[in-house]
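Q: Structure file coords.pdb (PDB, C-alpha atoms and all ligand atoms) right here:
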ATOM      1  CA  MET A   7    -102.806 -32.899 -85.158  1.00  0.00           C
ATOM      2  CA  ALA A   8    -100.087 -30.289 -84.961  1.00  0.00           C
ATOM      3  CA  GLU A   9     -98.466 -29.693 -81.631  1.00  0.00           C
ATOM      4  CA  LYS A  10     -98.625 -26.257 -80.141  1.00  0.00           C
ATOM      5  CA  GLY A  11     -95.832 -24.054 -81.348  1.00  0.00           C
ATOM      6  CA  VAL A  12     -95.023 -26.191 -84.407  1.00  0.00           C
ATOM      7  CA  LYS A  13     -95.071 -24.032 -87.516  1.00  0.00           C
ATOM      8  CA  ARG A  14     -97.794 -24.932 -90.049  1.00  0.00           C
ATOM      9  CA  VAL A  15     -95.280 -25.187 -92.890  1.00  0.00           C
ATOM     10  CA  ALA A  16     -93.839 -28.255 -91.218  1.00  0.00           C
ATOM     11  CA  GLU A  17     -97.170 -30.050 -91.751  1.00  0.00           C
ATOM     12  CA  LYS A  18     -96.632 -30.238 -95.500  1.00  0.00           C
ATOM     13  CA  PRO A  19     -93.127 -31.563 -96.101  1.00  0.00           C
ATOM     14  CA  PHE A  20     -91.762 -32.360 -99.561  1.00  0.00           C
ATOM     15  CA  LEU A  21     -93.517 -35.612-100.398  1.00  0.00           C
ATOM     16  CA  THR A  22     -90.711 -38.059-101.140  1.00  0.00           C
ATOM     17  CA  ASP A  23     -87.218 -38.068 -99.688  1.00  0.00           C
ATOM     18  CA  ILE A  24     -84.417 -37.830-102.229  1.00  0.00           C
ATOM     19  CA  LYS A  25     -82.951 -41.253-101.489  1.00  0.00           C
ATOM     20  CA  THR A  26     -86.317 -42.919-102.222  1.00  0.00           C
ATOM     21  CA  LEU A  27     -86.781 -40.774-105.354  1.00  0.00           C
ATOM     22  CA  ARG A  28     -83.389 -41.868-106.678  1.00  0.00           C
ATOM     23  CA  GLU A  29     -83.985 -45.553-105.919  1.00  0.00           C
ATOM     24  CA  ARG A  30     -87.443 -45.575-107.492  1.00  0.00           C
ATOM     25  CA  ALA A  31     -86.197 -43.860-110.657  1.00  0.00           C
ATOM     26  CA  ARG A  32     -83.766 -46.756-111.243  1.00  0.00           C
ATOM     27  CA  LYS A  33     -86.531 -49.369-111.195  1.00  0.00           C
ATOM     28  CA  HIS A  34     -88.532 -50.158-114.352  1.00  0.00           C
ATOM     29  CA  ILE A  35     -86.617 -47.647-116.476  1.00  0.00           C
ATOM     30  CA  GLU A  36     -88.295 -49.256-119.521  1.00  0.00           C
ATOM     31  CA  ASN A  37     -91.469 -47.387-118.495  1.00  0.00           C
ATOM     32  CA  GLY A  38     -89.854 -44.123-119.551  1.00  0.00           C
ATOM     33  CA  ALA A  39     -92.006 -41.188-118.506  1.00  0.00           C
ATOM     34  CA  ILE A  40     -94.299 -43.391-116.401  1.00  0.00           C
ATOM     35  CA  THR A  41     -92.702 -43.275-112.969  1.00  0.00           C
ATOM     36  CA  ALA A  42     -93.682 -44.754-109.626  1.00  0.00           C
ATOM     37  CA  GLY A  43     -95.240 -41.425-108.673  1.00  0.00           C
ATOM     38  CA  TYR A  44     -97.699 -41.508-111.613  1.00  0.00           C
ATOM     39  CA  SER A  45    -100.964 -41.750-109.726  1.00  0.00           C
ATOM     40  CA  ALA A  46    -103.508 -41.662-112.548  1.00  0.00           C
ATOM     41  CA  ASP A  47    -105.295 -44.754-113.838  1.00  0.00           C
ATOM     42  CA  ARG A  48    -103.198 -45.047-116.989  1.00  0.00           C
ATOM     43  CA  GLU A  49    -105.643 -47.271-118.878  1.00  0.00           C
ATOM     44  CA  THR A  50    -108.512 -44.882-118.316  1.00  0.00           C
ATOM     45  CA  VAL A  51    -106.353 -41.915-119.313  1.00  0.00           C
ATOM     46  CA  VAL A  52    -105.403 -43.675-122.572  1.00  0.00           C
ATOM     47  CA  LYS A  53    -109.043 -44.603-123.221  1.00  0.00           C
ATOM     48  CA  LEU A  54    -110.177 -40.998-122.717  1.00  0.00           C
ATOM     49  CA  LEU A  55    -107.344 -39.723-124.910  1.00  0.00           C
ATOM     50  CA  ASN A  56    -108.390 -42.153-127.647  1.00  0.00           C
ATOM     51  CA  GLU A  57    -111.911 -40.713-127.466  1.00  0.00           C
ATOM     52  CA  ALA A  58    -110.447 -37.210-127.778  1.00  0.00           C
ATOM     53  CA  LEU A  59    -108.308 -38.450-130.696  1.00  0.00           C
ATOM     54  CA  ALA A  60    -111.414 -39.810-132.470  1.00  0.00           C
ATOM     55  CA  THR A  61    -113.225 -36.531-131.782  1.00  0.00           C
ATOM     56  CA  GLU A  62    -110.382 -34.554-133.373  1.00  0.00           C
ATOM     57  CA  ILE A  63    -110.253 -36.800-136.443  1.00  0.00           C
ATOM     58  CA  VAL A  64    -114.016 -36.583-136.986  1.00  0.00           C
ATOM     59  CA  CYS A  65    -113.649 -32.797-136.715  1.00  0.00           C
ATOM     60  CA  VAL A  66    -110.826 -32.796-139.291  1.00  0.00           C
ATOM     61  CA  LEU A  67    -113.010 -34.792-141.714  1.00  0.00           C
ATOM     62  CA  ARG A  68    -116.090 -32.623-141.153  1.00  0.00           C
ATOM     63  CA  TYR A  69    -114.152 -29.357-141.578  1.00  0.00           C
ATOM     64  CA  LYS A  70    -112.464 -30.725-144.726  1.00  0.00           C
ATOM     65  CA  ARG A  71    -115.837 -31.712-146.195  1.00  0.00           C
ATOM     66  CA  HIS A  72    -117.170 -28.230-145.386  1.00  0.00           C
ATOM     67  CA  TYR A  73    -114.059 -26.588-146.835  1.00  0.00           C
ATOM     68  CA  PHE A  74    -114.467 -28.346-150.173  1.00  0.00           C
ATOM     69  CA  MET A  75    -118.252 -27.929-150.304  1.00  0.00           C
ATOM     70  CA  ALA A  76    -118.398 -24.258-149.258  1.00  0.00           C
ATOM     71  CA  SER A  77    -119.948 -22.150-151.990  1.00  0.00           C
ATOM     72  CA  GLY A  78    -121.837 -18.850-152.167  1.00  0.00           C
ATOM     73  CA  ILE A  79    -121.220 -15.146-151.682  1.00  0.00           C
ATOM     74  CA  ASN A  80    -119.517 -15.479-148.294  1.00  0.00           C
ATOM     75  CA  ALA A  81    -117.870 -18.732-149.179  1.00  0.00           C
ATOM     76  CA  GLU A  82    -114.253 -17.744-149.570  1.00  0.00           C
ATOM     77  CA  SER A  83    -113.657 -16.327-146.102  1.00  0.00           C
ATOM     78  CA  VAL A  84    -115.729 -19.083-144.489  1.00  0.00           C
ATOM     79  CA  ALA A  85    -113.884 -21.791-146.431  1.00  0.00           C
ATOM     80  CA  THR A  86    -110.564 -20.321-145.278  1.00  0.00           C
ATOM     81  CA  GLU A  87    -111.813 -20.561-141.683  1.00  0.00           C
ATOM     82  CA  PHE A  88    -112.922 -24.197-142.205  1.00  0.00           C
ATOM     83  CA  LEU A  89    -109.508 -25.120-143.590  1.00  0.00           C
ATOM     84  CA  GLN A  90    -107.672 -23.398-140.749  1.00  0.00           C
ATOM     85  CA  HIS A  91    -109.780 -25.235-138.187  1.00  0.00           C
ATOM     86  CA  ALA A  92    -109.249 -28.565-140.009  1.00  0.00           C
ATOM     87  CA  ASN A  93    -105.491 -28.068-139.816  1.00  0.00           C
ATOM     88  CA  GLU A  94    -105.602 -27.119-136.141  1.00  0.00           C
ATOM     89  CA  GLU A  95    -107.750 -30.177-135.294  1.00  0.00           C
ATOM     90  CA  GLN A  96    -105.168 -32.326-137.103  1.00  0.00           C
ATOM     91  CA  GLY A  97    -102.485 -30.742-134.920  1.00  0.00           C
ATOM     92  CA  HIS A  98    -104.518 -31.625-131.810  1.00  0.00           C
ATOM     93  CA  ALA A  99    -104.956 -35.210-133.045  1.00  0.00           C
ATOM     94  CA  ASP A 100    -101.180 -35.525-133.456  1.00  0.00           C
ATOM     95  CA  GLN A 101    -100.442 -34.092-130.009  1.00  0.00           C
ATOM     96  CA  ILE A 102    -102.953 -36.454-128.401  1.00  0.00           C
ATOM     97  CA  ALA A 103    -101.588 -39.502-130.274  1.00  0.00           C
ATOM     98  CA  GLN A 104     -98.066 -38.549-129.152  1.00  0.00           C
ATOM     99  CA  ARG A 105     -99.168 -38.366-125.533  1.00  0.00           C
ATOM    100  CA  ILE A 106    -100.907 -41.761-125.782  1.00  0.00           C
ATOM    101  CA  VAL A 107     -97.624 -43.313-126.937  1.00  0.00           C
ATOM    102  CA  GLN A 108     -95.729 -41.559-124.113  1.00  0.00           C
ATOM    103  CA  LEU A 109     -98.184 -43.199-121.714  1.00  0.00           C
ATOM    104  CA  LYS A 110     -97.350 -46.599-123.247  1.00  0.00           C
ATOM    105  CA  GLY A 111    -100.721 -46.817-124.944  1.00  0.00           C
ATOM    106  CA  GLU A 112    -101.594 -47.160-128.616  1.00  0.00           C
ATOM    107  CA  PRO A 113    -103.395 -44.460-130.610  1.00  0.00           C
ATOM    108  CA  ASP A 114    -106.594 -45.950-132.043  1.00  0.00           C
ATOM    109  CA  LEU A 115    -106.692 -44.775-135.649  1.00  0.00           C
ATOM    110  CA  ASN A 116    -108.972 -47.556-136.857  1.00  0.00           C
ATOM    111  CA  PRO A 117    -111.643 -46.017-139.144  1.00  0.00           C
ATOM    112  CA  ALA A 118    -114.052 -48.739-137.956  1.00  0.00           C
ATOM    113  CA  GLY A 119    -115.830 -47.388-134.890  1.00  0.00           C
ATOM    114  CA  LEU A 120    -114.391 -43.892-135.286  1.00  0.00           C
ATOM    115  CA  LEU A 121    -117.813 -42.224-134.975  1.00  0.00           C
ATOM    116  CA  THR A 122    -118.669 -44.289-131.915  1.00  0.00           C
ATOM    117  CA  ARG A 123    -115.429 -43.345-130.143  1.00  0.00           C
ATOM    118  CA  SER A 124    -115.794 -39.686-131.128  1.00  0.00           C
ATOM    119  CA  HIS A 125    -117.892 -37.404-128.976  1.00  0.00           C
ATOM    120  CA  ALA A 126    -118.499 -34.896-131.784  1.00  0.00           C
ATOM    121  CA  GLU A 127    -120.710 -35.841-134.728  1.00  0.00           C
ATOM    122  CA  TYR A 128    -120.107 -35.798-138.459  1.00  0.00           C
ATOM    123  CA  VAL A 129    -122.889 -33.759-140.049  1.00  0.00           C
ATOM    124  CA  GLU A 130    -122.425 -32.611-143.641  1.00  0.00           C
ATOM    125  CA  GLY A 131    -124.962 -29.774-143.665  1.00  0.00           C
ATOM    126  CA  ASP A 132    -126.886 -28.548-146.721  1.00  0.00           C
ATOM    127  CA  SER A 133    -125.965 -24.863-146.714  1.00  0.00           C
ATOM    128  CA  LEU A 134    -123.045 -22.724-145.607  1.00  0.00           C
ATOM    129  CA  ILE A 135    -125.044 -21.623-142.541  1.00  0.00           C
ATOM    130  CA  ASP A 136    -125.861 -25.264-141.716  1.00  0.00           C
ATOM    131  CA  MET A 137    -122.194 -26.183-141.933  1.00  0.00           C
ATOM    132  CA  ILE A 138    -121.148 -23.376-139.600  1.00  0.00           C
ATOM    133  CA  LYS A 139    -123.892 -24.319-137.122  1.00  0.00           C
ATOM    134  CA  GLU A 140    -122.884 -27.985-137.150  1.00  0.00           C
ATOM    135  CA  ASP A 141    -119.235 -27.062-136.626  1.00  0.00           C
ATOM    136  CA  LEU A 142    -120.239 -24.815-133.747  1.00  0.00           C
ATOM    137  CA  VAL A 143    -122.246 -27.633-132.146  1.00  0.00           C
ATOM    138  CA  ALA A 144    -119.277 -30.002-132.539  1.00  0.00           C
ATOM    139  CA  GLU A 145    -116.937 -27.469-130.913  1.00  0.00           C
ATOM    140  CA  ARG A 146    -119.380 -27.065-128.022  1.00  0.00           C
ATOM    141  CA  ILE A 147    -119.462 -30.851-127.549  1.00  0.00           C
ATOM    142  CA  ALA A 148    -115.649 -30.973-127.549  1.00  0.00           C
ATOM    143  CA  ILE A 149    -115.478 -28.069-125.073  1.00  0.00           C
ATOM    144  CA  ASP A 150    -117.705 -29.814-122.527  1.00  0.00           C
ATOM    145  CA  SER A 151    -116.131 -33.226-123.006  1.00  0.00           C
ATOM    146  CA  TYR A 152    -112.555 -31.913-122.718  1.00  0.00           C
ATOM    147  CA  ARG A 153    -113.461 -29.876-119.631  1.00  0.00           C
ATOM    148  CA  ASP A 154    -114.761 -33.087-118.024  1.00  0.00           C
ATOM    149  CA  MET A 155    -111.541 -34.899-118.923  1.00  0.00           C
ATOM    150  CA  ILE A 156    -109.427 -32.070-117.475  1.00  0.00           C
ATOM    151  CA  ASN A 157    -111.333 -32.304-114.188  1.00  0.00           C
ATOM    152  CA  TYR A 158    -110.812 -36.066-114.171  1.00  0.00           C
ATOM    153  CA  PHE A 159    -107.023 -35.797-114.786  1.00  0.00           C
ATOM    154  CA  GLY A 160    -106.757 -33.245-111.977  1.00  0.00           C
ATOM    155  CA  SER A 161    -103.358 -33.427-110.310  1.00  0.00           C
ATOM    156  CA  ASP A 162    -102.883 -37.163-111.074  1.00  0.00           C
ATOM    157  CA  ASP A 163    -101.564 -36.441-114.572  1.00  0.00           C
ATOM    158  CA  PRO A 164    -100.669 -32.742-114.873  1.00  0.00           C
ATOM    159  CA  THR A 165     -99.027 -33.155-118.303  1.00  0.00           C
ATOM    160  CA  THR A 166    -102.107 -34.694-119.908  1.00  0.00           C
ATOM    161  CA  ARG A 167    -104.267 -32.155-118.110  1.00  0.00           C
ATOM    162  CA  ARG A 168    -102.192 -29.253-119.456  1.00  0.00           C
ATOM    163  CA  LEU A 169    -102.245 -30.669-122.981  1.00  0.00           C
ATOM    164  CA  MET A 170    -106.028 -30.903-122.890  1.00  0.00           C
ATOM    165  CA  GLU A 171    -106.285 -27.443-121.313  1.00  0.00           C
ATOM    166  CA  ASP A 172    -104.361 -25.965-124.252  1.00  0.00           C
ATOM    167  CA  ILE A 173    -106.560 -27.842-126.728  1.00  0.00           C
ATOM    168  CA  LEU A 174    -109.702 -26.773-124.857  1.00  0.00           C
ATOM    169  CA  ALA A 175    -108.632 -23.126-125.114  1.00  0.00           C
ATOM    170  CA  MET A 176    -108.329 -23.513-128.880  1.00  0.00           C
ATOM    171  CA  GLU A 177    -111.746 -25.215-129.189  1.00  0.00           C
ATOM    172  CA  GLU A 178    -113.195 -22.223-127.353  1.00  0.00           C
ATOM    173  CA  GLU A 179    -111.508 -19.931-129.894  1.00  0.00           C
ATOM    174  CA  HIS A 180    -112.969 -22.042-132.707  1.00  0.00           C
ATOM    175  CA  ALA A 181    -116.471 -21.776-131.224  1.00  0.00           C
ATOM    176  CA  ASP A 182    -115.999 -18.028-130.893  1.00  0.00           C
ATOM    177  CA  ASP A 183    -114.848 -17.740-134.548  1.00  0.00           C
ATOM    178  CA  LEU A 184    -117.914 -19.682-135.705  1.00  0.00           C
ATOM    179  CA  VAL A 185    -120.428 -17.722-133.663  1.00  0.00           C
ATOM    180  CA  ASN A 186    -118.902 -14.510-135.056  1.00  0.00           C
ATOM    181  CA  LEU A 187    -119.176 -15.881-138.597  1.00  0.00           C
ATOM    182  CA  LEU A 188    -122.852 -16.645-138.008  1.00  0.00           C
ATOM    183  CA  ALA A 189    -123.402 -13.117-136.700  1.00  0.00           C
ATOM    184  CA  THR A 190    -121.777 -11.482-139.724  1.00  0.00           C
ATOM    185  CA  MET A 191    -123.874 -13.611-142.066  1.00  0.00           C
ATOM    186  CA  GLY A 192    -127.115 -12.645-140.357  1.00  0.00           C
TER     187      GLY A 192
HETATM  188 FE    FE B   1    -109.332 -29.740-131.740  1.00  0.00          FE
HETATM  189 FE    FE B   2    -112.033 -27.051-132.751  1.00  0.00          FE
END
Turn the structure described in the file into structure tokens.

A:
Amino acid sequence: MAEKGVKRVAEKPFLTDIKTLRERARKHIENGAITAGYSADRETVVKLLNEALATEIVCVLRYKRHYFMASGINAESVATEFLQHANEEQGHADQIAQRIVQLKGEPDLNPAGLLTRSHAEYVEGDSLIDMIKEDLVAERIAIDSYRDMINYFGSDDPTTRRLMEDILAMEEEHADDLVNLLATMG
């Protein structure tokens, strides 16, 4: 409880004094970016990131399949969109793998179990419309799953949270692109 007359700002001092900060930074320097102040459950963060990594890779594979299989009147512009999304998902996969390594984890790139680790599904689709719909569903799965992860990371791991926020924003753009494609194709 604050005493009368004490300004409220004094109730929230800077969290760690500089001497302690400096001393802590010198311990366990082999942990690199993982400092004493890292308050997230690192193992869980790495596990979640590996699920996001699997999701991205499944999305790369599905978009690539759709890119090569796209045929029909509207195929060229749709195929271009599929390829662009495939490349962006690959970029996300790389960013996530990089962050896992920074957190002293190991990116799980084992093809065995990939579909189980992934949240999004791999559906080939019979027609161009089917493909777009399946990609849209996969984006919507990624959007909800990444939003959950972001809430979980909260302020315990702001860097991972921000990374996933940027990726989430792009998945929302992807979903928007796909829904617009569906609309133009009737
Ligand atoms: Fe992605
Ligand atoms: Fe996406």

Q: Contacts between ligand FE 2 (chain B) and chain A, please, where a residue of chain A counts if it comes within 6 Å (with all atoms listed in the file); show its shortest atom pair and distance in Å to one decimal, rows by chain and ascending number, as a tab-separated table.

A:
residue	atom	partner	partner_atom	distance
A:Glu95	CA	B:FE2	FE	5.9
A:Glu145	CA	B:FE2	FE	5.3
A:Glu177	CA	B:FE2	FE	4.0
A:His180	CA	B:FE2	FE	5.1

Q: Exactly which residues make up the result of the PyMOL selection byres (((not hetatm)) within 12 of (chain B and resi 1)) on this file, given as a VMD selection string?

A: chain A and resid 58 to 69 90 to 102 124 to 126 141 144 to 149 151 to 152 169 to 181

Q: Around stretch 59-70 of chain A, fit a box with edges along x, y and z, padding it by 8 Å on each side, then list its centre and edge lengths in Å to one decimal as JSON.

A:
{"center_x": -112.2, "center_y": -34.6, "center_z": -137.7, "size_x": 23.8, "size_y": 26.5, "size_z": 30.0}

Q: From the list A:Leu109, A:Glu127, A:Glu82, A:Val185, which residue is nearest A:Tyr44 when using only C-alpha atoms?

A: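 Of A:Leu109, A:Glu127, A:Glu82, A:Val185, the one nearest A:Tyr44 is A:Leu109, counting only C-alpha atoms.
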
Q: Show me, as a list in words, the residues that have an atom within 8 Å of A:Phe88 when counting all atoms listed in the file, minus same-chain residues fewer than 5 positions from it.

A: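 Here the qualifying residues turn out to be Tyr69, Lys70, His72 and Tyr73 of chain A.
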
Q: Could you tell me which residues the PyMOL selection byres (((chain A and resi 42) around 10) and not hetatm) grabs in this file, written as a PDB file with C-alpha atoms, keeping the file's coordinate frame?

A:
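Output file selection-v8.pdb follows:
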ATOM      1  CA  LEU A  27     -86.781 -40.774-105.354  1.00  0.00           C
ATOM      2  CA  ARG A  30     -87.443 -45.575-107.492  1.00  0.00           C
ATOM      3  CA  ALA A  31     -86.197 -43.860-110.657  1.00  0.00           C
ATOM      4  CA  LYS A  33     -86.531 -49.369-111.195  1.00  0.00           C
ATOM      5  CA  HIS A  34     -88.532 -50.158-114.352  1.00  0.00           C
ATOM      6  CA  ASN A  37     -91.469 -47.387-118.495  1.00  0.00           C
ATOM      7  CA  ALA A  39     -92.006 -41.188-118.506  1.00  0.00           C
ATOM      8  CA  ILE A  40     -94.299 -43.391-116.401  1.00  0.00           C
ATOM      9  CA  THR A  41     -92.702 -43.275-112.969  1.00  0.00           C
ATOM     10  CA  GLY A  43     -95.240 -41.425-108.673  1.00  0.00           C
ATOM     11  CA  TYR A  44     -97.699 -41.508-111.613  1.00  0.00           C
ATOM     12  CA  SER A  45    -100.964 -41.750-109.726  1.00  0.00           C
TER      13      SER A  45
END

Q: Just give me the gap between atom CA of A:Ala81 and atom CA of A:Gly131 in Å, one decimal is fine.

A: 14.2 Å

Q: Using only C-alpha atoms, what does the table of stretch 40-132 of chain A residues within 9 Å of stretch 155-162 of chain A look like, with each row giving the shortest atom pair and its distance in Å to one decimal, sorted by chain and ascending number, as CSV?

A:
residue,atom,partner,partner_atom,distance
A:Tyr44,CA,A:Asp162,CA,6.8
A:Ser45,CA,A:Asp162,CA,5.2
A:Ala46,CA,A:Asp162,CA,4.8
A:Asp47,CA,A:Asp162,CA,8.4
A:Val51,CA,A:Phe159,CA,7.6
A:Leu54,CA,A:Met155,CA,7.3
A:Leu55,CA,A:Met155,CA,8.8

Q: Check what the PyMOL selection byres (((chain A and resi 130) around 9) and not hetatm) selects in the file above and give those residues as a ChimeraX atom specification.

A: /A:68,71-72,128-129,131-132,136-137,140
